$ cat entry.cif   # mmCIF, C-alpha atoms
data_entry
loop_
_atom_site.label_atom_id
_atom_site.label_comp_id
_atom_site.auth_asym_id
_atom_site.auth_seq_id
_atom_site.Cartn_x
_atom_site.Cartn_y
_atom_site.Cartn_z
CA MET A 1 -4.93 16.97 36.15
CA ALA A 2 -8.13 16.09 37.96
CA ALA A 3 -7.92 13.42 40.64
CA GLY A 4 -9.04 9.99 39.53
CA PHE A 5 -8.55 10.54 35.79
CA THR A 6 -5.80 8.92 33.74
CA TYR A 7 -5.25 9.93 30.13
CA ASN A 8 -3.54 7.39 27.88
CA LEU A 9 -4.21 9.13 24.59
CA VAL A 10 -1.49 8.86 21.97
CA PRO A 11 -1.12 12.14 20.10
CA GLU A 12 -1.75 11.96 16.37
CA LYS A 13 1.44 12.21 14.33
CA GLU A 14 2.03 15.55 12.66
CA LYS A 15 0.69 15.49 9.13
CA GLU A 16 3.15 15.97 6.29
CA GLU A 17 2.24 17.41 2.92
CA ARG A 18 2.67 14.48 0.55
CA TYR A 19 1.87 16.42 -2.63
CA ASP A 20 1.08 19.96 -3.77
CA VAL A 21 -2.47 20.13 -2.41
CA GLN A 22 -3.34 23.01 -4.76
CA SER A 23 -2.81 20.65 -7.70
CA GLY A 24 -5.09 17.92 -6.31
CA ILE A 25 -8.37 17.27 -8.12
CA ARG A 26 -10.89 14.85 -6.65
CA ARG A 27 -13.02 12.41 -8.58
CA ARG A 28 -16.76 13.08 -8.52
CA GLY A 29 -18.86 11.28 -5.96
CA ALA A 30 -18.10 8.71 -3.33
CA TYR A 31 -16.63 5.29 -4.10
CA LYS A 32 -17.45 2.06 -2.28
CA LEU A 33 -14.23 0.61 -0.84
CA ASP A 34 -13.48 -3.11 -1.11
CA THR A 35 -12.50 -3.98 2.47
CA SER A 36 -11.44 -7.59 1.80
CA ASN A 37 -8.39 -8.52 3.91
CA LEU A 38 -8.50 -5.17 5.75
CA THR A 39 -8.87 -5.10 9.54
CA VAL A 40 -11.96 -3.38 10.94
CA GLY A 41 -10.90 -0.51 13.18
CA ASN A 42 -7.63 0.18 11.33
CA TYR A 43 -7.11 3.25 9.19
CA LEU A 44 -6.24 3.37 5.50
CA PRO A 45 -3.69 6.22 5.15
CA SER A 46 -4.26 9.13 2.80
CA PHE A 47 -2.70 8.73 -0.64
CA THR A 48 -3.11 4.94 -0.62
CA PRO A 49 -2.88 3.73 -4.25
CA ILE A 50 -6.37 2.79 -5.45
CA GLU A 51 -7.76 1.00 -8.50
CA ALA A 52 -11.13 2.63 -9.13
CA ASP A 53 -13.93 1.36 -11.34
CA LEU A 54 -15.20 4.68 -12.68
CA VAL A 55 -18.51 3.21 -13.86
CA ALA A 56 -19.43 0.98 -10.90
CA LYS A 57 -17.97 3.55 -8.42
CA THR A 58 -15.94 0.95 -6.53
CA ALA A 59 -12.40 1.25 -5.15
CA VAL A 60 -9.84 -1.46 -4.42
CA PRO A 61 -6.64 -0.71 -2.44
CA VAL A 62 -3.53 -1.59 -4.43
CA ARG A 63 -1.27 -3.71 -2.21
CA ASN A 64 2.36 -2.84 -2.84
CA VAL A 65 5.27 -3.52 -0.48
CA LYS A 66 8.69 -1.83 -0.30
CA VAL A 67 11.81 -3.89 0.41
CA VAL A 68 13.89 -2.49 3.31
CA GLU A 69 16.80 -4.96 3.29
CA ALA A 70 18.52 -6.42 0.22
CA TYR A 71 17.22 -9.90 -0.61
CA ASN A 72 19.46 -12.47 -2.31
CA THR A 73 17.51 -15.31 -3.86
CA GLY A 74 18.32 -18.91 -3.00
CA ASP A 75 16.71 -22.12 -1.79
CA ASN A 76 17.01 -21.04 1.85
CA ALA A 77 16.09 -17.37 1.25
CA LEU A 78 12.45 -17.52 2.26
CA THR A 79 12.01 -14.18 4.03
CA ILE A 80 11.77 -10.64 2.65
CA LYS A 81 11.93 -7.61 4.97
CA ILE A 82 9.44 -4.90 4.01
CA GLU A 83 8.30 -1.51 5.33
CA LYS A 84 5.83 -1.48 8.20
CA ASN A 85 2.11 -0.75 7.74
CA SER A 86 1.74 -2.44 4.36
CA LEU A 87 -1.57 -3.99 3.28
CA ALA A 88 0.05 -7.38 2.64
CA TYR A 89 -1.76 -10.51 3.84
CA ALA A 90 -1.01 -14.22 4.05
CA GLY A 91 -2.09 -16.00 0.87
CA MET A 92 -1.35 -13.18 -1.58
CA PHE A 93 1.20 -13.33 -4.39
CA VAL A 94 3.93 -10.70 -4.72
CA GLY A 95 5.85 -9.99 -7.90
CA ASN A 96 8.23 -7.63 -9.65
CA GLY A 97 7.13 -8.15 -13.27
CA SER A 98 9.30 -11.18 -14.00
CA HIS A 99 9.44 -13.21 -10.75
CA GLY A 100 7.12 -13.81 -7.82
CA ALA A 101 6.20 -15.83 -4.77
CA LEU A 102 3.31 -16.81 -2.51
CA VAL A 103 3.24 -15.13 0.91
CA ASN A 104 2.80 -17.81 3.58
CA SER A 105 2.85 -15.53 6.63
CA ILE A 106 3.74 -12.05 7.88
CA ASP A 107 5.71 -11.36 11.07
CA LYS A 108 4.86 -7.87 12.42
CA SER A 109 6.66 -8.21 15.76
CA ASN A 110 9.62 -5.96 14.87
CA ASP A 111 9.14 -2.20 15.33
CA ASP A 112 11.21 -1.27 12.27
CA TYR A 113 10.01 -3.67 9.56
CA ASP A 114 7.71 -6.60 8.77
CA ILE A 115 8.91 -9.96 7.47
CA LEU A 116 7.17 -11.80 4.63
CA THR A 117 7.74 -15.55 4.68
CA ILE A 118 7.40 -16.89 1.13
CA ASN A 119 6.79 -20.45 0.00
CA ALA A 120 9.83 -20.67 -2.33
CA ALA A 121 12.81 -18.59 -3.41
CA PHE A 122 11.70 -15.39 -5.16
CA GLY A 123 13.90 -16.09 -8.18
CA ALA A 124 15.58 -12.67 -8.35
CA ASN A 125 17.65 -10.45 -6.09
CA LEU A 126 15.82 -7.44 -4.66
CA ALA A 127 17.53 -4.16 -3.79
CA ILE A 128 16.59 -1.88 -0.91
CA GLY A 129 13.72 0.34 -2.00
CA LYS A 130 12.36 -2.06 -4.62
CA VAL A 131 8.55 -2.01 -4.71
CA LEU A 132 6.78 -5.33 -5.23
CA PHE A 133 3.12 -5.46 -6.28
CA GLU A 134 0.35 -7.93 -5.52
CA SER A 135 0.39 -10.23 -8.51
CA ALA A 136 -2.43 -12.22 -10.06
CA ALA A 137 -0.40 -15.46 -9.96
CA VAL A 138 2.73 -16.89 -8.36
CA GLY A 139 4.83 -16.03 -11.43
CA GLY A 140 4.68 -12.34 -10.50
CA THR A 141 4.38 -11.03 -14.06
CA THR A 142 0.91 -9.44 -13.95
CA ALA A 143 -0.38 -7.07 -11.27
CA LYS A 144 -3.70 -8.07 -9.69
CA HIS A 145 -4.66 -4.38 -9.41
CA THR A 146 -3.08 -1.26 -10.91
CA ALA A 147 -3.67 2.19 -9.43
CA ASN A 148 -5.55 4.84 -11.41
CA SER A 149 -6.32 7.00 -8.35
CA ALA A 150 -5.20 7.70 -4.79
CA LEU A 151 -7.16 7.92 -1.54
CA TYR A 152 -7.98 11.56 -0.79
CA GLY A 153 -7.99 11.36 3.02
CA ARG A 154 -7.33 8.89 5.82
CA LYS A 155 -10.25 6.48 6.23
CA LYS A 156 -11.28 4.19 9.09
CA ILE A 157 -12.20 0.63 8.07
CA GLU A 158 -15.63 -0.23 9.45
CA SER A 159 -17.92 -3.22 9.09
CA GLY A 160 -20.47 -2.65 6.37
CA ILE A 161 -20.18 -0.16 3.51
CA VAL A 162 -17.19 2.20 3.56
CA LEU A 163 -17.34 5.18 1.20
CA VAL A 164 -14.18 7.04 0.19
CA ALA A 165 -13.13 10.09 -1.83
CA LEU A 166 -10.42 9.69 -4.46
CA LEU A 167 -7.86 11.89 -6.21
CA GLN A 168 -7.61 11.84 -10.00
CA ARG A 169 -4.69 14.31 -10.22
CA ALA A 170 -1.78 15.40 -8.02
CA PHE A 171 1.58 17.04 -8.67
CA GLU A 172 4.86 17.33 -6.73
CA ILE A 173 4.31 13.98 -4.98
CA GLU A 174 7.07 13.11 -2.48
CA PRO A 175 7.47 9.29 -2.65
CA ASP A 176 9.54 9.14 0.55
CA LYS A 177 6.66 10.69 2.53
CA LEU A 178 4.05 8.19 1.34
CA VAL A 179 2.94 5.54 3.84
CA LEU A 180 2.17 3.07 1.03
CA PRO A 181 4.32 2.96 -2.12
CA PHE A 182 3.30 3.10 -5.78
CA SER A 183 4.85 0.49 -8.09
CA ASP A 184 6.33 1.29 -11.51
CA LYS A 185 3.19 -0.22 -13.08
CA ASP A 186 1.01 2.16 -11.04
CA LYS A 187 3.08 5.20 -12.02
CA ALA A 188 2.87 4.28 -15.71
CA ASN A 189 -0.93 4.12 -15.36
CA LEU A 190 -1.21 7.54 -13.66
CA PRO A 191 -0.63 10.22 -16.33
CA PHE A 192 -1.97 13.00 -14.10
CA PHE A 193 0.26 12.19 -11.11
CA GLN A 194 3.72 13.74 -11.01
CA PHE A 195 6.25 12.02 -8.72
CA ASN A 196 9.37 13.91 -7.61
CA GLU A 197 12.03 11.32 -8.44
#
$ encode --input "entry.cif" --output "structure tokens"
Amino acid sequence: MAAGFTYNLVPEKEKEERYDVQSGIRRRGAYKLDTSNLTVGNYLPSFTPIEADLVAKTAVPVRNVKVVEAYNTGDNALTIKIEKNSLAYAGMFVGNGSHGALVNSIDKSNDDYDILTINAAFGANLAIGKVLFESAAVGGTTAKHTANSALYGRKKIESGIVLVALLQRAFEIEPDKLVLPFSDKDKANLPFFQFNE
């Protein structure tokens, strides 16, 4: 190493094949990404669930979270532990199709999981691995966005317009290797995506 130089570069993690890349078919053209509640400078991982408007050529990230510790509902049960690196933000609603809650804050200080603080008891028990979606209202019955595509490659969030490429088809998808989960509602809306589960 040359004198006077210090290198503090963190090596990029080894990429895993998340799906059979030979089966992947991209959508035509670039899509303008909605960067609301995304942090400039962060990266959106490849295979992020996306709701695409095929006419307007816009793309909205679908914000799902995966539960990493069983949650038992109750008046004092106001925290839900979720996987790290989610796109959750304070002020959003999360739901499971029949129950929901408002997210008051997110604690990201733990290295193994994040903690959602909700405004009231969720109303249902949640098992490890359960995927909650961003809901349109506190009741948690209707998803705010439902995926019809997935992000083709990792993308840096920048100020201004961010253009992305999307996948319309993929087979042999390994859910455990995905950084961001797909909800059951997403999977039902993705006829050309085959999940190994």
$ atom_distance --input "entry.cif" --atom1 "atom CA of Ile82 of chain A" --atom2 "atom CA of Leu116 of chain A"
7.3 Å
$ closest_residue --input "entry.cif" --among "A:Asp107, A:Asp53, A:Glu134, A:Asp112" --to "Lys185 of chain A" --atoms "all atoms listed in the file"
A:Glu134
$ atom_distance --input "entry.cif" --atom1 "atom CA of Asn42 of chain A" --atom2 "atom CA of Lys144 of chain A"
22.9 Å
$ atom_distance --input "entry.cif" --atom1 "atom CA of Thr48 of chain A" --atom2 "atom CA of Leu180 of chain A"
5.8 Å
$ resolve_selection --input "entry.cif" --expression "the PyMOL selection byres ((chain A and resi 85) around 9)" --output "ChimeraX atom specification"
/A:83-84,86-88,108,113-114,179-180
$ residues_around --input "entry.cif" --residues "segment 161-168 of chain A" --least-positions-apart "3" --cutoff "7 Å" --atoms "only C-alpha atoms" --output "list in words"
Gly24, Ile25, Arg26, Arg27, Ala30, Tyr31, Lys32, Leu33, Ser149, Ala150, Leu151, Tyr152, Ile157 and Glu158 of chain A
$ residues_around --input "entry.cif" --residues "Gly91 of chain A" --least-positions-apart "5" --cutoff "9 Å" --atoms "all atoms listed in the file" --output "compact mmCIF listing (two decimals) with C-alpha atoms, keeping the file's coordinate frame"
# COMPACT_ATOMS: atom_id res chain seq x y z
CA LEU A 102 3.31 -16.81 -2.51
CA VAL A 103 3.24 -15.13 0.91
CA ASN A 104 2.80 -17.81 3.58
CA SER A 105 2.85 -15.53 6.63
$ residues_around --input "entry.cif" --residues "Leu132 of chain A" --least-positions-apart "6" --cutoff "6 Å" --atoms "all atoms listed in the file" --output "MDAnalysis selection string"
chainID A and resid 64:65 95:96
$ residues_near_point --input "entry.cif" --point "(4.7, 2.4, -8.0)" --cutoff "9 Å" --atoms "all atoms listed in the file" --output "list in words"
Pro49, Asn64, Val131, Leu132, Phe133, Ala147, Pro181, Phe182, Ser183, Asp184, Lys185, Asp186, Lys187 and Ala188 of chain A
